[in-house]
Amino acid sequence: MNTHILRAMAVAAMAAAATPGMAADADWTAVGQALGKAGAVQPDGVYKVGLPRTDLAVILDGVAIKPTLALGSWLAFKETAQGQALVMGDLVLTQDEVNPVAKELEDGGIQITALHNHLLRAQPATLYMHVDGHGDAVKLAQVLHTALARSKTPLTAPSAPPAAPPIDLDTAAVDKALGHAGKVNGGVYQVTIPRAEAAKAGGMEIPPSMGAGIAINFQPTGAGKAAITGDFVLIASEVNPVIKALRDNGIEITALHNHMLDDEPRLFFMHFWANDDAVKLARGLHVALAQMKVAHS
């Protein structure tokens, strides 16, 4: 029996054993301790740990990229049975970190489901490694800690920064043009939009906070302008209509790829970039969103 069949059987068994609402009540303290950094339970019950690459100084087209714009590693845990979890994540790595991290993940039984760029022309170049693991939640966290230790990813919470100044962006106008509202995080205006239909992997529902949500980020660059990036989560029939909508509105396509291996429906992730008037870009993004099946607030 091949490994894909065995994995599917294991996921199905864990899904069948899961109790509704269990994830929201789970104690994730030991997972945070094993990983080296605590996270927070999201509204959809997922335990998510943010690991921003604050150690990197990345420049793209003259813009100093904030970690919350495009350098935010993360890991998300969903309880599947007592002490058992599904973990998915996106690790931001430099080129020399990729293979040492990959070796530790493979040795520890965590799958690598994708490795690719999100940005073009960035210096230094960054790569994005997507991971998928199933099993004892603490052991998964231990493996991930060992793997991340082969990179320079900060694994301790920074001291509390001073209060951030108001963001230099007319967020109300952006909300109106985009048709969706967001929140400020680390000097970046972040908008997350769920798809209309639930995504599944291995027969298990994948909540938006585990990477199934559309992400749009605005980093102010002065005089009403913003650098934008993120990723659209698309089914096959939406890919080229969204490409056309973005390009017609001056937004560059920087990557198109998978993040998961056994997702239902089959999902494609499209990354983009522009630095222009923020409201103008929000209007263009709204046109692209109109080509997709998204949940409406």
# chains A, B, ... in the order shown; residues from 1 in each chain; ligands from 1
$ select_by_dssp --residues "segment 101-294 of chain A" --states "strand (DSSP E or B)" --output "NGL selection string"
:A and (111-116 or 123 or 126-136 or 183-185 or 188-193 or 195 or 199-201 or 204-206 or 214-222 or 225-234 or 252-257 or 263-264 or 268-277 or 294)
$ write_last_selection --atoms "C-alpha atoms" --output "PDB file, in the first residue's frame"
ATOM      1  CA  GLN A 111       5.822  16.725   4.327  1.00  0.00           C
ATOM      2  CA  ILE A 112       6.980  19.568   2.111  1.00  0.00           C
ATOM      3  CA  THR A 113       4.064  20.378  -0.183  1.00  0.00           C
ATOM      4  CA  ALA A 114       5.490  23.331  -2.121  1.00  0.00           C
ATOM      5  CA  LEU A 115       8.619  25.441  -2.508  1.00  0.00           C
ATOM      6  CA  HIS A 116       8.564  28.592  -4.602  1.00  0.00           C
ATOM      7  CA  GLN A 123      17.023  41.352  -2.684  1.00  0.00           C
ATOM      8  CA  THR A 126      13.284  34.715  -0.380  1.00  0.00           C
ATOM      9  CA  LEU A 127      11.667  31.334  -0.910  1.00  0.00           C
ATOM     10  CA  TYR A 128       8.474  29.986   0.657  1.00  0.00           C
ATOM     11  CA  MET A 129       8.249  26.397   1.883  1.00  0.00           C
ATOM     12  CA  HIS A 130       4.789  24.989   2.623  1.00  0.00           C
ATOM     13  CA  VAL A 131       4.551  22.131   5.092  1.00  0.00           C
ATOM     14  CA  ASP A 132       1.970  19.542   6.161  1.00  0.00           C
ATOM     15  CA  GLY A 133       2.152  17.201   9.135  1.00  0.00           C
ATOM     16  CA  HIS A 134      -0.175  14.861  11.044  1.00  0.00           C
ATOM     17  CA  GLY A 135       0.290  13.232  14.439  1.00  0.00           C
ATOM     18  CA  ASP A 136       1.134  14.050  18.038  1.00  0.00           C
ATOM     19  CA  LYS A 183      -6.865  45.588  10.057  1.00  0.00           C
ATOM     20  CA  VAL A 184      -3.479  47.182  10.711  1.00  0.00           C
ATOM     21  CA  ASN A 185      -0.660  44.822  11.671  1.00  0.00           C
ATOM     22  CA  VAL A 188       0.669  47.029   7.031  1.00  0.00           C
ATOM     23  CA  TYR A 189      -3.067  47.040   6.270  1.00  0.00           C
ATOM     24  CA  GLN A 190      -4.068  43.378   5.975  1.00  0.00           C
ATOM     25  CA  VAL A 191      -7.298  42.091   4.449  1.00  0.00           C
ATOM     26  CA  THR A 192      -8.327  38.425   4.660  1.00  0.00           C
ATOM     27  CA  ILE A 193     -11.276  37.183   2.594  1.00  0.00           C
ATOM     28  CA  ARG A 195     -13.654  31.736  -0.300  1.00  0.00           C
ATOM     29  CA  ALA A 199     -11.494  23.883   1.233  1.00  0.00           C
ATOM     30  CA  LYS A 200     -10.526  20.337   2.197  1.00  0.00           C
ATOM     31  CA  ALA A 201      -7.272  18.403   2.257  1.00  0.00           C
ATOM     32  CA  MET A 204     -10.547  17.313   6.275  1.00  0.00           C
ATOM     33  CA  GLU A 205     -11.843  20.891   6.173  1.00  0.00           C
ATOM     34  CA  ILE A 206      -9.082  23.497   6.075  1.00  0.00           C
ATOM     35  CA  ILE A 214      -7.380  35.173   0.250  1.00  0.00           C
ATOM     36  CA  ALA A 215      -4.748  37.592   1.622  1.00  0.00           C
ATOM     37  CA  ILE A 216      -4.298  41.177   0.431  1.00  0.00           C
ATOM     38  CA  ASN A 217      -1.720  43.456   2.082  1.00  0.00           C
ATOM     39  CA  PHE A 218      -1.095  47.204   1.678  1.00  0.00           C
ATOM     40  CA  GLN A 219       2.153  48.811   2.871  1.00  0.00           C
ATOM     41  CA  PRO A 220       2.077  52.626   2.635  1.00  0.00           C
ATOM     42  CA  THR A 221       4.870  54.109   0.527  1.00  0.00           C
ATOM     43  CA  GLY A 222       3.927  57.810   0.837  1.00  0.00           C
ATOM     44  CA  LYS A 225       0.546  55.185  -2.494  1.00  0.00           C
ATOM     45  CA  ALA A 226       0.987  51.636  -1.260  1.00  0.00           C
ATOM     46  CA  ALA A 227       2.917  48.542  -2.183  1.00  0.00           C
ATOM     47  CA  ILE A 228       0.542  45.596  -2.407  1.00  0.00           C
ATOM     48  CA  THR A 229       1.090  41.873  -2.357  1.00  0.00           C
ATOM     49  CA  GLY A 230      -0.629  38.746  -1.103  1.00  0.00           C
ATOM     50  CA  ASP A 231      -2.244  35.771  -2.717  1.00  0.00           C
ATOM     51  CA  PHE A 232      -5.509  34.935  -4.378  1.00  0.00           C
ATOM     52  CA  VAL A 233      -6.884  31.436  -3.729  1.00  0.00           C
ATOM     53  CA  LEU A 234      -8.384  30.229  -7.003  1.00  0.00           C
ATOM     54  CA  GLU A 252       1.885  42.395 -11.770  1.00  0.00           C
ATOM     55  CA  ILE A 253       1.507  38.611 -11.435  1.00  0.00           C
ATOM     56  CA  THR A 254       4.571  37.274  -9.607  1.00  0.00           C
ATOM     57  CA  ALA A 255       3.754  33.592  -9.009  1.00  0.00           C
ATOM     58  CA  LEU A 256       1.124  30.928  -9.636  1.00  0.00           C
ATOM     59  CA  HIS A 257       1.368  27.549  -7.919  1.00  0.00           C
ATOM     60  CA  ASP A 263      -6.833  19.768  -1.735  1.00  0.00           C
ATOM     61  CA  GLU A 264     -10.502  19.688  -2.754  1.00  0.00           C
ATOM     62  CA  PHE A 268      -4.134  27.594  -7.167  1.00  0.00           C
ATOM     63  CA  PHE A 269      -2.403  30.451  -5.356  1.00  0.00           C
ATOM     64  CA  MET A 270      -1.626  33.607  -7.301  1.00  0.00           C
ATOM     65  CA  HIS A 271       0.763  36.193  -5.894  1.00  0.00           C
ATOM     66  CA  PHE A 272       0.920  39.775  -7.125  1.00  0.00           C
ATOM     67  CA  TRP A 273       2.758  43.090  -6.729  1.00  0.00           C
ATOM     68  CA  ALA A 274       2.261  46.785  -7.448  1.00  0.00           C
ATOM     69  CA  ASN A 275       3.251  50.116  -5.933  1.00  0.00           C
ATOM     70  CA  ASP A 276       0.788  52.850  -6.886  1.00  0.00           C
ATOM     71  CA  ASP A 277      -2.135  54.894  -5.586  1.00  0.00           C
ATOM     72  CA  VAL A 294     -15.699  34.713  -2.331  1.00  0.00           C
TER      73      VAL A 294
END
$ residues_around --residues "Val138 of chain A" --least-positions-apart "5" --cutoff "8 Å" --atoms "only C-alpha atoms" --output "count of residues only"
4
$ closest_residue --among "A:Gly32, A:Glu104, A:Gly187, A:Gln142" --to "Pro67 of chain A" --atoms "only C-alpha atoms"
A:Gly187
$ atom_distance --atom1 "atom CA of Gly72 of chain A" --atom2 "atom CA of Val92 of chain A"
6.8 Å
$ residues_around --residues "segment 246-251 of chain A" --least-positions-apart "3" --cutoff "8 Å" --atoms "only C-alpha atoms" --output "ChimeraX atom specification"
/A:242-243,272-274,281,284-285,287-288
$ residues_around --residues "Gly36 of chain A" --least-positions-apart "4" --cutoff "8 Å" --atoms "only C-alpha atoms" --output "PyMOL selection string"
chain A and resi 32+145+155-156
$ write_last_selection --atoms "C-alpha atoms" --output "PDB file, in the first residue's frame"
ATOM      1  CA  GLY A  32       4.005  26.643  22.026  1.00  0.00           C
ATOM      2  CA  HIS A 145      11.494  23.772  16.075  1.00  0.00           C
ATOM      3  CA  LEU A 155      11.918  31.883  17.669  1.00  0.00           C
ATOM      4  CA  THR A 156      11.434  34.150  20.669  1.00  0.00           C
TER       5      THR A 156
END
$ closest_residue --among "A:Ile65, A:Val46, A:Ala122, A:Ala57" --to "Gly186 of chain A" --atoms "only C-alpha atoms"
A:Ile65
$ closest_residue --among "A:Leu71, A:Leu105, A:Ile110, A:Met88" --to "Arg150 of chain A" --atoms "only C-alpha atoms"
A:Leu105
$ residues_around --residues "Val279 of chain A" --least-positions-apart "3" --cutoff "9 Å" --atoms "only C-alpha atoms" --output "PyMOL selection string"
chain A and resi 170-171+173-178+224-226+276+282-284
$ closest_residue --among "A:Leu289, A:Ala102, A:Ala223, A:Ala295" --to "Ala198 of chain A" --atoms "only C-alpha atoms"
A:Ala295
$ residues_around --residues "Lys48 of chain A" --least-positions-apart "3" --cutoff "12 Å" --atoms "only C-alpha atoms" --output "number ranges by chain"
A: 23-24, 28, 31-32, 35, 37-45, 51, 73-79, 86-90, 141, 207-211
$ write_last_selection --atoms "C-alpha atoms" --output "mmCIF file, in the first residue's frame"
data_model
loop_
_atom_site.group_PDB
_atom_site.id
_atom_site.type_symbol
_atom_site.label_atom_id
_atom_site.label_comp_id
_atom_site.auth_asym_id
_atom_site.auth_seq_id
_atom_site.Cartn_x
_atom_site.Cartn_y
_atom_site.Cartn_z
ATOM 1 C CA ALA A 23 -10.000 22.626 18.766
ATOM 2 C CA ALA A 24 -11.392 25.757 20.390
ATOM 3 C CA TRP A 28 -1.879 24.452 23.204
ATOM 4 C CA VAL A 31 2.882 23.037 21.630
ATOM 5 C CA GLY A 32 4.005 26.643 22.026
ATOM 6 C CA LEU A 35 7.994 25.223 19.162
ATOM 7 C CA LYS A 37 7.127 30.582 20.604
ATOM 8 C CA ALA A 38 3.500 30.801 21.663
ATOM 9 C CA GLY A 39 0.645 31.461 19.260
ATOM 10 C CA ALA A 40 -3.018 32.330 19.585
ATOM 11 C CA VAL A 41 -6.288 30.526 18.934
ATOM 12 C CA GLN A 42 -8.060 32.039 15.924
ATOM 13 C CA PRO A 43 -11.835 32.570 15.643
ATOM 14 C CA ASP A 44 -12.088 29.359 13.583
ATOM 15 C CA GLY A 45 -10.427 27.321 16.379
ATOM 16 C CA LEU A 51 7.100 33.767 12.909
ATOM 17 C CA SER A 73 6.338 32.659 8.333
ATOM 18 C CA TRP A 74 3.479 30.940 10.156
ATOM 19 C CA LEU A 75 2.377 27.574 11.482
ATOM 20 C CA ALA A 76 -1.243 26.588 12.114
ATOM 21 C CA PHE A 77 -2.401 23.614 14.189
ATOM 22 C CA LYS A 78 -5.871 22.074 14.096
ATOM 23 C CA GLU A 79 -6.720 19.425 16.698
ATOM 24 C CA LEU A 86 -2.900 18.593 11.610
ATOM 25 C CA VAL A 87 -0.264 21.280 11.095
ATOM 26 C CA MET A 88 0.173 23.405 7.988
ATOM 27 C CA GLY A 89 2.465 26.329 7.474
ATOM 28 C CA ASP A 90 4.450 28.608 5.233
ATOM 29 C CA ALA A 141 6.108 21.183 17.152
ATOM 30 C CA PRO A 207 -10.156 26.752 7.773
ATOM 31 C CA PRO A 208 -9.159 30.097 6.206
ATOM 32 C CA SER A 209 -6.544 30.728 8.930
ATOM 33 C CA MET A 210 -4.656 27.599 7.824
ATOM 34 C CA GLY A 211 -3.947 29.181 4.465
#
$ select_by_dssp --residues "segment 179-266 of chain A" --states "alpha helix (DSSP H)" --output "ChimeraX atom specification"
/A:236-248
$ atom_distance --atom1 "atom CA of Arg121 of chain A" --atom2 "atom CA of Val63 of chain A"
11.2 Å
$ atom_distance --atom1 "atom CA of Asp262 of chain A" --atom2 "atom CA of Gly202 of chain A"
5.9 Å
